[in-house]
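Student: The structure that follows is given in the form of C-alpha cells.
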Amino acid sequence: MPAIRRITTRNARFQQWESLLTNRNKRTRAREFLVQGVRPISLAVKHGWPVHALIHNGQRDPSKWLEELLRTVRVERIAMDPEMLADLGEKNEAPPEAVAVVGMPADDLGRIAVGDDFLGVVFDRPTSPGNIGSIIRSADALGAHGLIVAGHAADVYDPKSVRASTGSLFSLPAVRVPAPSDVLGWVAAQRDRGKPIVVVGTDEHGDRDVFDFDFTQPTLLLVGNETSGLSGTWREACDTMVSIPMAGAASSLNAANAATAILYEASRQRITAARTGRRR
C-alpha cells in the first residue's frame with residue numbers, strides 16, 4: 001500500500017487542487033479535475049478513469065468504503081486537515097470524506113461507440129454546467145451511448161457538471177468539440193461505415209411531435225442552447241425537427257428536461273420494439 005503523505009498547510013500543491021474548482025484554464029492545462037462522493041469516485045475507479053491522488057480526512061478513521069478504496073487503488077494518498085479538505089468540497093457543507101484528483105480523457109469522438117442501435121446527444125453551446133451534468137445523467141439512464149458538447153460552452157468538468165451527473169460522467173462518454181463541422185464530419189464517416197445516423201433537432205415548432213418519430217433507428221439528438229436554441233448551422237444539418245407537445249401556460253422546457261423527455265420516448269420505443277421483435 002502506498003505511503004500516506006500529509007499536507008497541513010495551504011502550500012502550492014493544495015492551491016493547485018483548489019484552483020481546479022474554479023479555473024477552467026487550469027483544469028485544461030493540468031488535464032485534471034476533482035471528484036467527491038462515494039458513488040462518483042467508485043464509478044471513476046470502476047470504469048478505469050486515471051485517479052492521480054486520493055485526498056482524505058487525516059483526523060478520522062476511514063469508513064469501510066474508504067478503507068477498501070485506499071487498499072485497492074494504488075495511487076498517491078494524501079491525508080489533510082478537515083478544514084482544508086472542506087475547501088476542496090462543496091461550500092456550506094461538512095468536509096467530504098475523500099476527494100479524488102482524476103485525469104481527463106481525450107476529447108476524441110472515437111470514444112463514442114456507434115452500433116446499429118446508436119443513440120447520441122449533442123448539446124449546442126450550453127451555458128449551464130448543471131444542465132450538462134443533468135443531461136449526462138439522463139442519457140446514461142436512458143440508454144444513450146454518448147454526449148457531445150459543441151461550440152463555446154460551459155465545461156463538462158466543472159464541479160457543478162460533475163456533481164449533477166451523479167457519477168454518470170464516468171460511464172457515458174462526454175466529448176467536447178469546437179464546432180458543428182467536427183460532429184458533422186464524424187456523422188458522415190459513420191454513414192460511410194454503414195451506420196445511417198439520422199440527425200434530429202428539437203424545437204417547440206418542430207416538424208412533428210416527438211411521439212411520431214421513429215427513434216429505433218440510429219439517432220443523433222440535438223439539444224439547443226438554453227436561451228437561443230439550436231444555431232442555424234445545426235438546423236440546416238437536421239434531417240427532421242421534433243417538438244414536445246405542451247399543455248398549460250409553459251411554452252418550453254428547460255434544456256435538460258426537454259432532452260430527458262425525448263430520451264425517455266426514444267428508450268420507450270426501443271424497449272417496445274425489442275419486446276415485440278421488430279422496429280416501429
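Note on naming: chains are A, B, ... as they come in the C-alpha cells, residues start from 1 per chain, ligands start from 1 in the order shown.
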What's around range 166-173 of chain A at 12 Å? Count only C-alpha atoms, leave out sequence neighbours fewer than 6 positions away in its own chain, and write the answer as number ranges by chain.
Tutor: A: 35-51, 102-114, 119-122, 130, 132-149, 156-160
Student: Could you tell me, as an MDAnalysis selection string, which residues of range 42-176 of chain A DSSP assigns to strand (DSSP E) when given the backbone?
Tutor: chainID A and resid 51:57 76:80 98:103 119:124 146:150 174:176
Student: Let's have the selection written as a short mmCIF file (atom, residue, chain, number, x, y, z; two decimals), in the first residue's frame, with C-alpha atoms.
Tutor:
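Saved the output as part32.cif:
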```cif
data_model
loop_
_atom_site.label_atom_id
_atom_site.label_comp_id
_atom_site.auth_asym_id
_atom_site.auth_seq_id
_atom_site.Cartn_x
_atom_site.Cartn_y
_atom_site.Cartn_z
CA VAL A 51 -7.08 8.59 -10.45
CA HIS A 52 -3.95 10.60 -9.69
CA ALA A 53 -4.45 11.07 -5.96
CA LEU A 54 -6.90 10.33 -3.15
CA ILE A 55 -7.21 13.09 -0.55
CA HIS A 56 -8.89 12.16 2.71
CA ASN A 57 -9.55 13.41 6.22
CA GLU A 76 -0.87 8.72 -4.10
CA ARG A 77 -2.66 9.06 -0.74
CA ILE A 78 -2.94 12.48 0.88
CA ALA A 79 -4.09 12.98 4.48
CA MET A 80 -5.41 16.50 5.08
CA ALA A 98 -12.49 11.94 0.37
CA VAL A 99 -11.71 13.86 -2.80
CA ALA A 100 -10.20 12.21 -5.87
CA VAL A 101 -7.95 14.00 -8.33
CA VAL A 102 -8.95 12.46 -11.66
CA GLY A 103 -7.37 12.80 -15.09
CA LEU A 119 -28.40 6.94 -29.67
CA GLY A 120 -26.32 10.04 -29.06
CA VAL A 121 -26.91 13.60 -27.89
CA VAL A 122 -25.34 16.89 -28.99
CA PHE A 123 -25.69 19.86 -26.64
CA ASP A 124 -25.18 23.06 -28.64
CA GLY A 146 -22.56 9.42 -25.60
CA LEU A 147 -22.90 13.18 -25.26
CA ILE A 148 -21.15 15.73 -27.46
CA VAL A 149 -20.81 19.29 -26.16
CA ALA A 150 -20.32 21.55 -29.16
CA ALA A 174 -18.84 13.06 -22.94
CA VAL A 175 -16.74 14.71 -25.63
CA ARG A 176 -16.13 18.41 -26.26
#
```
Student: Under the rule that only C-alpha atoms are counted, which of A:Ala164, A:Ala153, A:Leu21, A:Ala237 is the nearest residue to Leu220 in chain A?
Tutor: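 Closest to Leu220 in chain A, using only C-alpha atoms: A:Ala237.
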Student: Counting only C-alpha atoms, what are the residues of range 167-206 of chain A within 12 Å of range 255-271 of chain A, and for each of them which pair of atoms is the nearest and at what distance in Å, to one decimal? Sort the table by chain and rising number, as a tab-separated table.
Tutor:
```
residue	atom	partner	partner_atom	distance
A:Val200	CA	A:Ile262	CA	10.6
A:Gly201	CA	A:Ala259	CA	10.6
A:Thr202	CA	A:Ala258	CA	8.4
A:Asp203	CA	A:Ala258	CA	9.6
A:Glu204	CA	A:Ala258	CA	10.1
```
Student: Could you write those residues out with N, CA, C and O atoms, as a compact mmCIF listing (two decimals), in the first residue's frame?
Tutor:
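Resulting contents of out_19.txt:
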```
# COMPACT_ATOMS: atom_id res chain seq x y z
N VAL A 200 -31.54 14.57 -35.55
CA VAL A 200 -32.87 15.03 -35.13
C VAL A 200 -32.71 16.24 -34.21
O VAL A 200 -32.09 16.16 -33.16
N GLY A 201 -33.27 17.36 -34.63
CA GLY A 201 -33.24 18.56 -33.82
C GLY A 201 -34.47 18.68 -32.94
O GLY A 201 -35.50 18.04 -33.18
N THR A 202 -34.37 19.51 -31.92
CA THR A 202 -35.51 19.76 -31.02
C THR A 202 -35.87 21.23 -31.08
O THR A 202 -35.01 22.11 -31.05
N ASP A 203 -37.17 21.48 -31.18
CA ASP A 203 -37.65 22.86 -31.26
C ASP A 203 -39.14 22.86 -30.94
O ASP A 203 -39.85 21.90 -31.27
N GLU A 204 -39.61 23.93 -30.31
CA GLU A 204 -41.04 23.99 -29.97
C GLU A 204 -41.92 24.06 -31.21
O GLU A 204 -43.12 23.78 -31.14
```
Student: Would you mind writing down, as a PyMOL selection string, each residue of range 12-220 of chain A that DSSP on the backbone assigns to alpha helix (DSSP H)?
Tutor: chain A and resi 12-19+24-30+38-46+64-72+82-87+129-141+159-164+180-192
Student: For a test of reading the model, state the distance in Å between CA of Trp17 in chain A and CA of Glu97 in chain A, rounded to one decimal.
Tutor: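 About the pair CA of Trp17 in chain A and CA of Glu97 in chain A: they are 16.2 Å apart.
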Student: Between CA of Met246 in chain A and CA of Ser231 in chain A, what distance in Å does the model show, to one decimal?
Tutor: 22.6 Å
Student: Considering only C-alpha atoms, state which residue in the set A:Asn225, A:Asp212, A:Arg29, A:Pro96 is at the smallest distance from Pro62 in chain A.
Tutor: A:Pro96
Student: Which residues are near Ser181 in chain A? Cut-off 12 Å, only C-alpha atoms, ignore same chain within fewer than 6 positions. Put them as an MDAnalysis selection string.
Tutor: chainID A and resid 150:151 187:188 233:234 236:237
Student: Please save N, CA and C atoms of the selected residues as a tab-separated table (two decimals), in the first residue's frame.
Tutor:
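See out.tsv below for the written result:
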```tsv
chain	number	residue	atom	x	y	z
A	150	ALA	N	-20.86	20.89	-27.98
A	150	ALA	CA	-20.32	21.55	-29.16
A	150	ALA	C	-20.27	23.07	-29.00
A	151	GLY	N	-19.19	23.65	-29.51
A	151	GLY	CA	-19.08	25.11	-29.56
A	151	GLY	C	-18.56	25.71	-28.26
A	187	VAL	N	-20.30	12.25	-38.32
A	187	VAL	CA	-21.54	11.60	-38.74
A	187	VAL	C	-21.40	11.07	-40.16
A	188	ALA	N	-20.83	11.87	-41.04
A	188	ALA	CA	-20.65	11.44	-42.42
A	188	ALA	C	-19.77	10.19	-42.49
A	233	THR	N	-26.57	26.68	-38.24
A	233	THR	CA	-25.79	25.58	-38.81
A	233	THR	C	-26.37	24.23	-38.42
A	234	TRP	N	-26.73	24.11	-37.15
A	234	TRP	CA	-27.30	22.83	-36.69
A	234	TRP	C	-28.67	22.60	-37.32
A	236	GLU	N	-29.75	23.51	-40.19
A	236	GLU	CA	-29.57	23.08	-41.59
A	236	GLU	C	-29.11	21.63	-41.67
A	237	ALA	N	-28.42	21.18	-40.62
A	237	ALA	CA	-27.90	19.81	-40.63
A	237	ALA	C	-28.95	18.77	-40.25
```
